[in-house]
Structure formats: C-alpha cells, structure tokens
>>> print(open('data-v7.tsv').read())   # TSV, N, CA, C and O atoms
chain	number	residue	atom	x	y	z
A	1	MET	N	119.60	161.41	-154.70
A	1	MET	CA	118.95	161.16	-153.42
A	1	MET	C	117.81	162.17	-153.23
A	1	MET	O	118.03	163.39	-153.31
A	2	PRO	N	116.59	161.70	-152.98
A	2	PRO	CA	115.47	162.65	-152.80
A	2	PRO	C	115.55	163.38	-151.46
A	2	PRO	O	116.22	162.92	-150.53
A	3	LYS	N	114.86	164.49	-151.41
A	3	LYS	CA	114.81	165.25	-150.17
A	3	LYS	C	113.96	164.50	-149.14
A	3	LYS	O	113.06	163.76	-149.51
A	4	ILE	N	114.24	164.72	-147.85
A	4	ILE	CA	113.46	164.12	-146.77
A	4	ILE	C	112.41	165.13	-146.34
A	4	ILE	O	112.70	166.31	-146.18
A	5	LYS	N	111.18	164.64	-146.16
A	5	LYS	CA	110.13	165.54	-145.71
A	5	LYS	C	110.26	165.81	-144.21
A	5	LYS	O	110.51	164.91	-143.43
A	6	THR	N	110.04	167.08	-143.86
A	6	THR	CA	110.02	167.48	-142.46
A	6	THR	C	108.64	167.18	-141.90
A	6	THR	O	107.64	167.39	-142.57
A	7	HIS	N	108.58	166.68	-140.67
A	7	HIS	CA	107.31	166.38	-140.01
A	7	HIS	C	106.58	167.69	-139.72
A	7	HIS	O	107.12	168.56	-139.03
A	8	SER	N	105.36	167.85	-140.25
A	8	SER	CA	104.63	169.11	-140.14
A	8	SER	C	104.34	169.50	-138.70
A	8	SER	O	104.43	170.67	-138.33
A	9	GLY	N	103.95	168.52	-137.88
A	9	GLY	CA	103.64	168.82	-136.48
A	9	GLY	C	104.88	169.21	-135.71
A	9	GLY	O	104.84	170.10	-134.85
A	10	ALA	N	106.00	168.57	-136.01
A	10	ALA	CA	107.24	168.85	-135.29
A	10	ALA	C	107.78	170.23	-135.62
A	10	ALA	O	108.29	170.93	-134.74
A	11	LYS	N	107.67	170.66	-136.87
A	11	LYS	CA	108.23	171.97	-137.23
A	11	LYS	C	107.46	173.11	-136.57
A	11	LYS	O	108.00	174.18	-136.36
A	12	LYS	N	106.19	172.85	-136.20
A	12	LYS	CA	105.40	173.87	-135.51
A	12	LYS	C	105.71	173.91	-134.01
A	12	LYS	O	105.44	174.90	-133.35
A	13	ARG	N	106.23	172.82	-133.46
A	13	ARG	CA	106.38	172.70	-132.02
A	13	ARG	C	107.80	172.79	-131.49
A	13	ARG	O	108.00	173.08	-130.31
A	14	PHE	N	108.79	172.54	-132.33
A	14	PHE	CA	110.17	172.47	-131.86
A	14	PHE	C	111.09	173.38	-132.65
A	14	PHE	O	110.89	173.59	-133.85
A	15	LYS	N	112.13	173.89	-131.97
A	15	LYS	CA	113.19	174.66	-132.62
A	15	LYS	C	114.52	174.10	-132.12
A	15	LYS	O	114.64	173.72	-130.95
A	16	LEU	N	115.51	174.08	-132.99
A	16	LEU	CA	116.83	173.62	-132.58
A	16	LEU	C	117.69	174.82	-132.20
A	16	LEU	O	117.69	175.84	-132.89
A	17	THR	N	118.42	174.69	-131.09
A	17	THR	CA	119.30	175.77	-130.65
A	17	THR	C	120.68	175.58	-131.29
A	17	THR	O	120.95	174.55	-131.90
A	18	LYS	N	121.53	176.57	-131.13
A	18	LYS	CA	122.88	176.50	-131.71
A	18	LYS	C	123.70	175.36	-131.11
A	18	LYS	O	124.53	174.78	-131.77
A	19	THR	N	123.44	175.06	-129.83
A	19	THR	CA	124.20	174.01	-129.16
A	19	THR	C	123.66	172.62	-129.46
A	19	THR	O	124.22	171.63	-128.99
A	20	GLY	N	122.54	172.54	-130.20
A	20	GLY	CA	122.00	171.24	-130.57
A	20	GLY	C	120.87	170.75	-129.69
A	20	GLY	O	120.36	169.66	-129.89
A	21	LYS	N	120.47	171.56	-128.70
A	21	LYS	CA	119.33	171.17	-127.87
A	21	LYS	C	118.04	171.41	-128.66
A	21	LYS	O	118.02	172.21	-129.60
A	22	VAL	N	116.97	170.74	-128.24
A	22	VAL	CA	115.67	170.94	-128.89
A	22	VAL	C	114.79	171.71	-127.92
A	22	VAL	O	114.48	171.26	-126.82
A	23	LYS	N	114.38	172.91	-128.35
A	23	LYS	CA	113.57	173.79	-127.52
A	23	LYS	C	112.10	173.50	-127.80
A	23	LYS	O	111.71	173.25	-128.94
A	24	ARG	N	111.28	173.56	-126.76
A	24	ARG	CA	109.85	173.31	-126.91
A	24	ARG	C	109.07	174.27	-126.02
A	24	ARG	O	109.63	174.87	-125.10
A	25	GLY	N	107.80	174.40	-126.29
A	25	GLY	CA	106.93	175.21	-125.45
A	25	GLY	C	106.44	174.39	-124.27
A	25	GLY	O	106.41	173.16	-124.33
A	26	SER	N	106.05	175.05	-123.19
A	26	SER	CA	105.53	174.36	-122.03
A	26	SER	C	104.08	173.98	-122.24
A	26	SER	O	103.32	174.71	-122.88
A	27	ALA	N	103.67	172.86	-121.66
A	27	ALA	CA	102.28	172.42	-121.71
A	27	ALA	C	101.48	173.15	-120.63
A	27	ALA	O	102.05	173.86	-119.80
A	28	PHE	N	100.17	172.97	-120.64
A	28	PHE	CA	99.24	173.52	-119.64
A	28	PHE	C	99.16	175.05	-119.67
A	28	PHE	O	98.92	175.67	-118.65
A	29	ARG	N	99.34	175.65	-120.85
A	29	ARG	CA	99.31	177.11	-120.95
A	29	ARG	C	98.23	177.62	-121.89
A	29	ARG	O	98.15	178.81	-122.16
A	30	SER	N	97.37	176.72	-122.39
A	30	SER	CA	96.46	177.16	-123.45
A	30	SER	C	95.08	177.59	-122.96
A	30	SER	O	94.51	178.56	-123.45
A	31	HIS	N	94.51	176.89	-122.00
A	31	HIS	CA	93.17	177.25	-121.52
A	31	HIS	C	93.01	176.80	-120.08
A	31	HIS	O	93.91	176.20	-119.50
A	32	ILE	N	91.85	177.14	-119.49
A	32	ILE	CA	91.57	176.93	-118.06
A	32	ILE	C	92.68	177.56	-117.22
A	32	ILE	O	93.27	176.93	-116.34
A	33	LEU	N	92.96	178.83	-117.50
A	33	LEU	CA	94.06	179.51	-116.83
A	33	LEU	C	93.64	180.20	-115.54
A	33	LEU	O	94.49	180.58	-114.74
A	34	ASN	N	92.32	180.36	-115.31
A	34	ASN	CA	91.89	181.12	-114.13
A	34	ASN	C	92.12	180.36	-112.83
A	34	ASN	O	92.25	180.97	-111.77
A	35	LYS	N	92.21	179.03	-112.86
A	35	LYS	CA	92.46	178.28	-111.62
A	35	LYS	C	93.96	178.07	-111.37
A	35	LYS	O	94.34	177.55	-110.33
A	36	LYS	N	94.79	178.43	-112.33
A	36	LYS	CA	96.23	178.29	-112.17
A	36	LYS	C	96.80	179.57	-111.58
A	36	LYS	O	96.39	180.67	-111.94
A	37	THR	N	97.77	179.43	-110.70
A	37	THR	CA	98.32	180.61	-110.03
A	37	THR	C	99.19	181.41	-110.99
A	37	THR	O	99.71	180.88	-111.98
A	38	THR	N	99.35	182.68	-110.65
A	38	THR	CA	100.20	183.56	-111.45
A	38	THR	C	101.63	183.04	-111.46
A	38	THR	O	102.30	183.08	-112.48
A	39	LYS	N	102.07	182.53	-110.33
A	39	LYS	CA	103.43	182.00	-110.22
A	39	LYS	C	103.63	180.81	-111.16
A	39	LYS	O	104.67	180.70	-111.83
A	40	LEU	N	102.64	179.94	-111.23
A	40	LEU	CA	102.73	178.78	-112.12
A	40	LEU	C	102.77	179.21	-113.58
A	40	LEU	O	103.61	178.75	-114.35
A	41	LYS	N	101.88	180.13	-113.94
A	41	LYS	CA	101.82	180.59	-115.34
A	41	LYS	C	103.10	181.31	-115.75
A	41	LYS	O	103.57	181.16	-116.87
A	42	ARG	N	103.68	182.06	-114.82
A	42	ARG	CA	104.94	182.74	-115.09
A	42	ARG	C	106.06	181.73	-115.30
A	42	ARG	O	106.90	181.88	-116.19
A	43	GLY	N	106.05	180.67	-114.52
A	43	GLY	CA	107.05	179.62	-114.67
A	43	GLY	C	106.93	178.88	-115.98
A	43	GLY	O	107.93	178.45	-116.56
A	44	LEU	N	105.71	178.73	-116.48
A	44	LEU	CA	105.49	178.02	-117.74
A	44	LEU	C	105.94	178.83	-118.95
A	44	LEU	O	106.04	178.29	-120.04
A	45	ARG	N	106.18	180.14	-118.75
A	45	ARG	CA	106.68	180.97	-119.84
A	45	ARG	C	108.15	180.68	-120.15
A	45	ARG	O	108.61	180.95	-121.26
A	46	ALA	N	108.87	180.18	-119.18
A	46	ALA	CA	110.30	179.93	-119.34
A	46	ALA	C	110.55	178.89	-120.42
A	46	ALA	O	109.73	177.98	-120.62
A	47	PRO	N	111.67	178.97	-121.14
A	47	PRO	CA	111.95	177.99	-122.18
A	47	PRO	C	112.12	176.60	-121.59
A	47	PRO	O	112.69	176.44	-120.51
A	48	ALA	N	111.61	175.62	-122.30
A	48	ALA	CA	111.73	174.23	-121.88
A	48	ALA	C	112.46	173.48	-122.98
A	48	ALA	O	112.41	173.87	-124.16
A	49	TYR	N	113.14	172.42	-122.62
A	49	TYR	CA	113.90	171.65	-123.59
A	49	TYR	C	113.45	170.21	-123.57
A	49	TYR	O	113.05	169.68	-122.52
A	50	VAL	N	113.51	169.57	-124.73
A	50	VAL	CA	113.13	168.17	-124.85
A	50	VAL	C	114.15	167.33	-124.08
A	50	VAL	O	115.35	167.61	-124.12
A	51	ASP	N	113.67	166.32	-123.39
A	51	ASP	CA	114.54	165.43	-122.62
A	51	ASP	C	115.48	164.69	-123.56
A	51	ASP	O	115.12	164.40	-124.71
A	52	LYS	N	116.67	164.39	-123.07
A	52	LYS	CA	117.68	163.74	-123.93
A	52	LYS	C	117.23	162.38	-124.42
A	52	LYS	O	117.69	161.91	-125.46
A	53	THR	N	116.30	161.72	-123.71
A	53	THR	CA	115.80	160.42	-124.15
A	53	THR	C	114.90	160.53	-125.37
A	53	THR	O	114.74	159.56	-126.11
A	54	ASN	N	114.31	161.71	-125.60
A	54	ASN	CA	113.42	161.92	-126.75
A	54	ASN	C	114.06	162.76	-127.85
A	54	ASN	O	113.45	162.96	-128.90
A	55	GLU	N	115.25	163.27	-127.59
A	55	GLU	CA	115.88	164.21	-128.51
A	55	GLU	C	116.11	163.61	-129.90
A	55	GLU	O	115.89	164.28	-130.91
A	56	LYS	N	116.53	162.37	-129.98
A	56	LYS	CA	116.85	161.75	-131.27
A	56	LYS	C	115.61	161.66	-132.15
A	56	LYS	O	115.67	161.95	-133.35
A	57	GLU	N	114.46	161.26	-131.58
A	57	GLU	CA	113.22	161.13	-132.35
A	57	GLU	C	112.81	162.49	-132.93
A	57	GLU	O	112.40	162.57	-134.09
A	58	VAL	N	112.93	163.55	-132.14
A	58	VAL	CA	112.55	164.87	-132.61
A	58	VAL	C	113.49	165.34	-133.71
A	58	VAL	O	113.05	165.88	-134.73
A	59	LYS	N	114.79	165.12	-133.52
A	59	LYS	CA	115.76	165.53	-134.54
A	59	LYS	C	115.57	164.77	-135.86
A	59	LYS	O	115.83	165.31	-136.93
A	60	ASP	N	115.12	163.51	-135.77
A	60	ASP	CA	114.82	162.75	-136.98
A	60	ASP	C	113.65	163.33	-137.75
A	60	ASP	O	113.57	163.25	-138.97
A	61	MET	N	112.71	163.95	-137.01
A	61	MET	CA	111.55	164.57	-137.65
A	61	MET	C	111.90	165.93	-138.25
A	61	MET	O	111.15	166.46	-139.06
A	62	LEU	N	113.03	166.50	-137.84
A	62	LEU	CA	113.47	167.82	-138.34
A	62	LEU	C	114.83	167.65	-139.04
A	62	LEU	O	115.87	168.07	-138.53
A	63	PRO	N	114.86	167.04	-140.23
A	63	PRO	CA	116.13	166.73	-140.86
A	63	PRO	C	116.97	167.94	-141.26
A	63	PRO	O	118.18	167.86	-141.34
A	64	TYR	N	116.34	169.08	-141.51
A	64	TYR	CA	117.09	170.26	-141.98
A	64	TYR	C	117.15	171.34	-140.92
A	64	TYR	O	117.31	172.51	-141.23
A	65	GLY	N	117.00	170.99	-139.66
A	65	GLY	CA	116.91	171.97	-138.57
A	65	GLY	C	118.18	172.57	-138.17
A	65	GLY	O	119.27	172.39	-138.26
>>> encode(input="data-v7.tsv", output="structure tokens")
Amino acid sequence: MPKIKTHSGAKKRFKLTKTGKVKRGSAFRSHILNKKTTKLKRGLRAPAYVDKTNEKEVKDMLPYG
C-alpha cells in the first residue's frame, strides 16, 4: 500500500491536539491592524479550533497527524 500524501496547505495551517481536535490560527490578524482595536487583536491571539462540521475534511488532508 503506497503512502498517502499530506496536503501541503493544510500542514501549514492546522495542528492536531491530543484529544483529537483540530487547532487553527485566527483570521484577520495579518494586515490592516491599525483600525482594529487592541481588545480585538488580543482576542484573535487565543487558540481557535476547526468546527466539528469541517473537522473530517481537515483530518483527511492530514493522514499522519
């Protein structure tokens, strides 16, 4: 049986936790930050998780995660 290729974009964006959740970075944090409040930017630093409706697709892209 051949090895399955890992999706290159997914491996850069997602990490799997010990409990099986898929961790992701928050959006809206890369540029145009001067109009966003400090409170908003601080909140976007917190870990975010992929919704359970999308979890299966992400895990399929990360076969060895």
>>> residues_around(input="data-v7.tsv", residues="Ala10 (chain A)", least_positions_apart="2", cutoff="8 Å", atoms="all atoms listed in the file", output="ChimeraX atom specification")
/A:6-8,12-15,23,58,61-62
>>> residues_around(input="data-v7.tsv", residues="Phe28 (chain A)", least_positions_apart="2", cutoff="12 Å", atoms="only C-alpha atoms", output="PDB file with N, CA, C and O atoms, keeping the file's coordinate frame")
ATOM      1  N   GLY A  25     107.800 174.400-126.290  1.00  0.00           N
ATOM      2  CA  GLY A  25     106.930 175.210-125.450  1.00  0.00           C
ATOM      3  C   GLY A  25     106.440 174.390-124.270  1.00  0.00           C
ATOM      4  O   GLY A  25     106.410 173.160-124.330  1.00  0.00           O
ATOM      5  N   SER A  26     106.050 175.050-123.190  1.00  0.00           N
ATOM      6  CA  SER A  26     105.530 174.360-122.030  1.00  0.00           C
ATOM      7  C   SER A  26     104.080 173.980-122.240  1.00  0.00           C
ATOM      8  O   SER A  26     103.320 174.710-122.880  1.00  0.00           O
ATOM      9  N   SER A  30      97.370 176.720-122.390  1.00  0.00           N
ATOM     10  CA  SER A  30      96.460 177.160-123.450  1.00  0.00           C
ATOM     11  C   SER A  30      95.080 177.590-122.960  1.00  0.00           C
ATOM     12  O   SER A  30      94.510 178.560-123.450  1.00  0.00           O
ATOM     13  N   HIS A  31      94.510 176.890-122.000  1.00  0.00           N
ATOM     14  CA  HIS A  31      93.170 177.250-121.520  1.00  0.00           C
ATOM     15  C   HIS A  31      93.010 176.800-120.080  1.00  0.00           C
ATOM     16  O   HIS A  31      93.910 176.200-119.500  1.00  0.00           O
ATOM     17  N   ILE A  32      91.850 177.140-119.490  1.00  0.00           N
ATOM     18  CA  ILE A  32      91.570 176.930-118.060  1.00  0.00           C
ATOM     19  C   ILE A  32      92.680 177.560-117.220  1.00  0.00           C
ATOM     20  O   ILE A  32      93.270 176.930-116.340  1.00  0.00           O
ATOM     21  N   LEU A  33      92.960 178.830-117.500  1.00  0.00           N
ATOM     22  CA  LEU A  33      94.060 179.510-116.830  1.00  0.00           C
ATOM     23  C   LEU A  33      93.640 180.200-115.540  1.00  0.00           C
ATOM     24  O   LEU A  33      94.490 180.580-114.740  1.00  0.00           O
ATOM     25  N   ASN A  34      92.320 180.360-115.310  1.00  0.00           N
ATOM     26  CA  ASN A  34      91.890 181.120-114.130  1.00  0.00           C
ATOM     27  C   ASN A  34      92.120 180.360-112.830  1.00  0.00           C
ATOM     28  O   ASN A  34      92.250 180.970-111.770  1.00  0.00           O
ATOM     29  N   LYS A  35      92.210 179.030-112.860  1.00  0.00           N
ATOM     30  CA  LYS A  35      92.460 178.280-111.620  1.00  0.00           C
ATOM     31  C   LYS A  35      93.960 178.070-111.370  1.00  0.00           C
ATOM     32  O   LYS A  35      94.340 177.550-110.330  1.00  0.00           O
ATOM     33  N   LYS A  36      94.790 178.430-112.330  1.00  0.00           N
ATOM     34  CA  LYS A  36      96.230 178.290-112.170  1.00  0.00           C
ATOM     35  C   LYS A  36      96.800 179.570-111.580  1.00  0.00           C
ATOM     36  O   LYS A  36      96.390 180.670-111.940  1.00  0.00           O
ATOM     37  N   THR A  37      97.770 179.430-110.700  1.00  0.00           N
ATOM     38  CA  THR A  37      98.320 180.610-110.030  1.00  0.00           C
ATOM     39  C   THR A  37      99.190 181.410-110.990  1.00  0.00           C
ATOM     40  O   THR A  37      99.710 180.880-111.980  1.00  0.00           O
ATOM     41  N   LEU A  40     102.640 179.940-111.230  1.00  0.00           N
ATOM     42  CA  LEU A  40     102.730 178.780-112.120  1.00  0.00           C
ATOM     43  C   LEU A  40     102.770 179.210-113.580  1.00  0.00           C
ATOM     44  O   LEU A  40     103.610 178.750-114.350  1.00  0.00           O
ATOM     45  N   LYS A  41     101.880 180.130-113.940  1.00  0.00           N
ATOM     46  CA  LYS A  41     101.820 180.590-115.340  1.00  0.00           C
ATOM     47  C   LYS A  41     103.100 181.310-115.750  1.00  0.00           C
ATOM     48  O   LYS A  41     103.570 181.160-116.870  1.00  0.00           O
ATOM     49  N   ARG A  42     103.680 182.060-114.820  1.00  0.00           N
ATOM     50  CA  ARG A  42     104.940 182.740-115.090  1.00  0.00           C
ATOM     51  C   ARG A  42     106.060 181.730-115.300  1.00  0.00           C
ATOM     52  O   ARG A  42     106.900 181.880-116.190  1.00  0.00           O
ATOM     53  N   GLY A  43     106.050 180.670-114.520  1.00  0.00           N
ATOM     54  CA  GLY A  43     107.050 179.620-114.670  1.00  0.00           C
ATOM     55  C   GLY A  43     106.930 178.880-115.980  1.00  0.00           C
ATOM     56  O   GLY A  43     107.930 178.450-116.560  1.00  0.00           O
ATOM     57  N   LEU A  44     105.710 178.730-116.480  1.00  0.00           N
ATOM     58  CA  LEU A  44     105.490 178.020-117.740  1.00  0.00           C
ATOM     59  C   LEU A  44     105.940 178.830-118.950  1.00  0.00           C
ATOM     60  O   LEU A  44     106.040 178.290-120.040  1.00  0.00           O
ATOM     61  N   ARG A  45     106.180 180.140-118.750  1.00  0.00           N
ATOM     62  CA  ARG A  45     106.680 180.970-119.840  1.00  0.00           C
ATOM     63  C   ARG A  45     108.150 180.680-120.150  1.00  0.00           C
ATOM     64  O   ARG A  45     108.610 180.950-121.260  1.00  0.00           O
TER      65      ARG A  45
END
>>> atom_distance(input="data-v7.tsv", atom1="CA of Pro2 (chain A)", atom2="CA of Lys56 (chain A)")
21.6 Å
>>> select_by_dssp(input="data-v7.tsv", residues="region 1-50 of chain A", states="alpha helix (DSSP H)", output="number ranges by chain")
A: 8-13, 38-44
>>> closest_residue(input="data-v7.tsv", among="A:Val22, A:Lys39, A:Gly9, A:Pro47", to="Lys59 (chain A)", atoms="only N, CA, C and O atoms")
A:Val22
>>> select_by_dssp(input="data-v7.tsv", residues="chain A", states="strand (DSSP E)", output="NGL selection string")
:A and (14-16 or 22-24 or 48-49)
>>> write_last_selection(input="data-v7.tsv", atoms="N, CA, C and O atoms", output="short mmCIF file (atom, residue, chain, number, x, y, z; two decimals), in the coordinates of the input")
data_model
loop_
_atom_site.label_atom_id
_atom_site.label_comp_id
_atom_site.auth_asym_id
_atom_site.auth_seq_id
_atom_site.Cartn_x
_atom_site.Cartn_y
_atom_site.Cartn_z
N PHE A 14 108.79 172.54 -132.33
CA PHE A 14 110.17 172.47 -131.86
C PHE A 14 111.09 173.38 -132.65
O PHE A 14 110.89 173.59 -133.85
N LYS A 15 112.13 173.89 -131.97
CA LYS A 15 113.19 174.66 -132.62
C LYS A 15 114.52 174.10 -132.12
O LYS A 15 114.64 173.72 -130.95
N LEU A 16 115.51 174.08 -132.99
CA LEU A 16 116.83 173.62 -132.58
C LEU A 16 117.69 174.82 -132.20
O LEU A 16 117.69 175.84 -132.89
N VAL A 22 116.97 170.74 -128.24
CA VAL A 22 115.67 170.94 -128.89
C VAL A 22 114.79 171.71 -127.92
O VAL A 22 114.48 171.26 -126.82
N LYS A 23 114.38 172.91 -128.35
CA LYS A 23 113.57 173.79 -127.52
C LYS A 23 112.10 173.50 -127.80
O LYS A 23 111.71 173.25 -128.94
N ARG A 24 111.28 173.56 -126.76
CA ARG A 24 109.85 173.31 -126.91
C ARG A 24 109.07 174.27 -126.02
O ARG A 24 109.63 174.87 -125.10
N ALA A 48 111.61 175.62 -122.30
CA ALA A 48 111.73 174.23 -121.88
C ALA A 48 112.46 173.48 -122.98
O ALA A 48 112.41 173.87 -124.16
N TYR A 49 113.14 172.42 -122.62
CA TYR A 49 113.90 171.65 -123.59
C TYR A 49 113.45 170.21 -123.57
O TYR A 49 113.05 169.68 -122.52
#
>>> atom_distance(input="data-v7.tsv", atom1="CA of Val50 (chain A)", atom2="atom C of Lys21 (chain A)")
7.0 Å
>>> atom_distance(input="data-v7.tsv", atom1="CA of Lys18 (chain A)", atom2="CA of Met1 (chain A)")
26.9 Å
>>> build_atoms(input="data-v7.tsv", residues="region 24-34 of chain A", atoms="all heavy atoms", output="PDB file, in the coordinates of the input")
ATOM      1  N   ARG A  24     111.280 173.560-126.760  1.00  0.00           N
ATOM      2  CA  ARG A  24     109.850 173.310-126.910  1.00  0.00           C
ATOM      3  C   ARG A  24     109.070 174.270-126.020  1.00  0.00           C
ATOM      4  O   ARG A  24     109.630 174.870-125.100  1.00  0.00           O
ATOM      5  CB  ARG A  24     109.523 171.874-126.511  1.00  0.00           C
ATOM      6  CG  ARG A  24     109.799 171.560-125.060  1.00  0.00           C
ATOM      7  CD  ARG A  24     109.237 170.229-124.630  1.00  0.00           C
ATOM      8  NE  ARG A  24     109.577 169.930-123.245  1.00  0.00           N
ATOM      9  CZ  ARG A  24     108.904 170.361-122.191  1.00  0.00           C
ATOM     10  NH1 ARG A  24     107.862 171.167-122.338  1.00  0.00           N
ATOM     11  NH2 ARG A  24     109.275 170.022-120.966  1.00  0.00           N
ATOM     12  N   GLY A  25     107.800 174.400-126.290  1.00  0.00           N
ATOM     13  CA  GLY A  25     106.930 175.210-125.450  1.00  0.00           C
ATOM     14  C   GLY A  25     106.440 174.390-124.270  1.00  0.00           C
ATOM     15  O   GLY A  25     106.410 173.160-124.330  1.00  0.00           O
ATOM     16  N   SER A  26     106.050 175.050-123.190  1.00  0.00           N
ATOM     17  CA  SER A  26     105.530 174.360-122.030  1.00  0.00           C
ATOM     18  C   SER A  26     104.080 173.980-122.240  1.00  0.00           C
ATOM     19  O   SER A  26     103.320 174.710-122.880  1.00  0.00           O
ATOM     20  CB  SER A  26     105.643 175.235-120.788  1.00  0.00           C
ATOM     21  OG  SER A  26     106.993 175.485-120.489  1.00  0.00           O
ATOM     22  N   ALA A  27     103.670 172.860-121.660  1.00  0.00           N
ATOM     23  CA  ALA A  27     102.280 172.420-121.710  1.00  0.00           C
ATOM     24  C   ALA A  27     101.480 173.150-120.630  1.00  0.00           C
ATOM     25  O   ALA A  27     102.050 173.860-119.800  1.00  0.00           O
ATOM     26  CB  ALA A  27     102.215 170.920-121.500  1.00  0.00           C
ATOM     27  N   PHE A  28     100.170 172.970-120.640  1.00  0.00           N
ATOM     28  CA  PHE A  28      99.240 173.520-119.640  1.00  0.00           C
ATOM     29  C   PHE A  28      99.160 175.050-119.670  1.00  0.00           C
ATOM     30  O   PHE A  28      98.920 175.670-118.650  1.00  0.00           O
ATOM     31  CB  PHE A  28      99.615 173.050-118.214  1.00  0.00           C
ATOM     32  CG  PHE A  28      99.870 171.577-118.119  1.00  0.00           C
ATOM     33  CD1 PHE A  28     101.159 171.087-117.879  1.00  0.00           C
ATOM     34  CD2 PHE A  28      98.840 170.668-118.299  1.00  0.00           C
ATOM     35  CE1 PHE A  28     101.397 169.733-117.794  1.00  0.00           C
ATOM     36  CE2 PHE A  28      99.061 169.305-118.219  1.00  0.00           C
ATOM     37  CZ  PHE A  28     100.345 168.837-117.972  1.00  0.00           C
ATOM     38  N   ARG A  29      99.340 175.650-120.850  1.00  0.00           N
ATOM     39  CA  ARG A  29      99.310 177.110-120.950  1.00  0.00           C
ATOM     40  C   ARG A  29      98.230 177.620-121.890  1.00  0.00           C
ATOM     41  O   ARG A  29      98.150 178.810-122.160  1.00  0.00           O
ATOM     42  CB  ARG A  29     100.671 177.609-121.496  1.00  0.00           C
ATOM     43  CG  ARG A  29     101.684 177.925-120.436  1.00  0.00           C
ATOM     44  CD  ARG A  29     101.522 179.293-119.843  1.00  0.00           C
ATOM     45  NE  ARG A  29     101.764 180.364-120.799  1.00  0.00           N
ATOM     46  CZ  ARG A  29     101.393 181.617-120.627  1.00  0.00           C
ATOM     47  NH1 ARG A  29     100.756 181.983-119.548  1.00  0.00           N
ATOM     48  NH2 ARG A  29     101.664 182.520-121.525  1.00  0.00           N
ATOM     49  N   SER A  30      97.370 176.720-122.390  1.00  0.00           N
ATOM     50  CA  SER A  30      96.460 177.160-123.450  1.00  0.00           C
ATOM     51  C   SER A  30      95.080 177.590-122.960  1.00  0.00           C
ATOM     52  O   SER A  30      94.510 178.560-123.450  1.00  0.00           O
ATOM     53  CB  SER A  30      96.319 176.067-124.500  1.00  0.00           C
ATOM     54  OG  SER A  30      95.918 174.862-123.888  1.00  0.00           O
ATOM     55  N   HIS A  31      94.510 176.890-122.000  1.00  0.00           N
ATOM     56  CA  HIS A  31      93.170 177.250-121.520  1.00  0.00           C
ATOM     57  C   HIS A  31      93.010 176.800-120.080  1.00  0.00           C
ATOM     58  O   HIS A  31      93.910 176.200-119.500  1.00  0.00           O
ATOM     59  CB  HIS A  31      92.090 176.641-122.426  1.00  0.00           C
ATOM     60  CG  HIS A  31      92.106 175.153-122.461  1.00  0.00           C
ATOM     61  ND1 HIS A  31      91.120 174.381-121.932  1.00  0.00           N
ATOM     62  CD2 HIS A  31      93.015 174.270-122.944  1.00  0.00           C
ATOM     63  CE1 HIS A  31      91.414 173.094-122.110  1.00  0.00           C
ATOM     64  NE2 HIS A  31      92.563 173.004-122.709  1.00  0.00           N
ATOM     65  N   ILE A  32      91.850 177.140-119.490  1.00  0.00           N
ATOM     66  CA  ILE A  32      91.570 176.930-118.060  1.00  0.00           C
ATOM     67  C   ILE A  32      92.680 177.560-117.220  1.00  0.00           C
ATOM     68  O   ILE A  32      93.270 176.930-116.340  1.00  0.00           O
ATOM     69  CB  ILE A  32      91.372 175.433-117.720  1.00  0.00           C
ATOM     70  CG1 ILE A  32      90.519 174.730-118.756  1.00  0.00           C
ATOM     71  CG2 ILE A  32      90.699 175.286-116.347  1.00  0.00           C
ATOM     72  CD1 ILE A  32      90.403 173.232-118.546  1.00  0.00           C
ATOM     73  N   LEU A  33      92.960 178.830-117.500  1.00  0.00           N
ATOM     74  CA  LEU A  33      94.060 179.510-116.830  1.00  0.00           C
ATOM     75  C   LEU A  33      93.640 180.200-115.540  1.00  0.00           C
ATOM     76  O   LEU A  33      94.490 180.580-114.740  1.00  0.00           O
ATOM     77  CB  LEU A  33      94.704 180.530-117.774  1.00  0.00           C
ATOM     78  CG  LEU A  33      95.337 179.951-119.036  1.00  0.00           C
ATOM     79  CD1 LEU A  33      95.760 181.049-119.968  1.00  0.00           C
ATOM     80  CD2 LEU A  33      96.507 179.058-118.698  1.00  0.00           C
ATOM     81  N   ASN A  34      92.320 180.360-115.310  1.00  0.00           N
ATOM     82  CA  ASN A  34      91.890 181.120-114.130  1.00  0.00           C
ATOM     83  C   ASN A  34      92.120 180.360-112.830  1.00  0.00           C
ATOM     84  O   ASN A  34      92.250 180.970-111.770  1.00  0.00           O
ATOM     85  CB  ASN A  34      90.423 181.537-114.247  1.00  0.00           C
ATOM     86  CG  ASN A  34      89.505 180.391-114.579  1.00  0.00           C
ATOM     87  OD1 ASN A  34      89.958 179.281-114.800  1.00  0.00           O
ATOM     88  ND2 ASN A  34      88.216 180.652-114.619  1.00  0.00           N
TER      89      ASN A  34
END
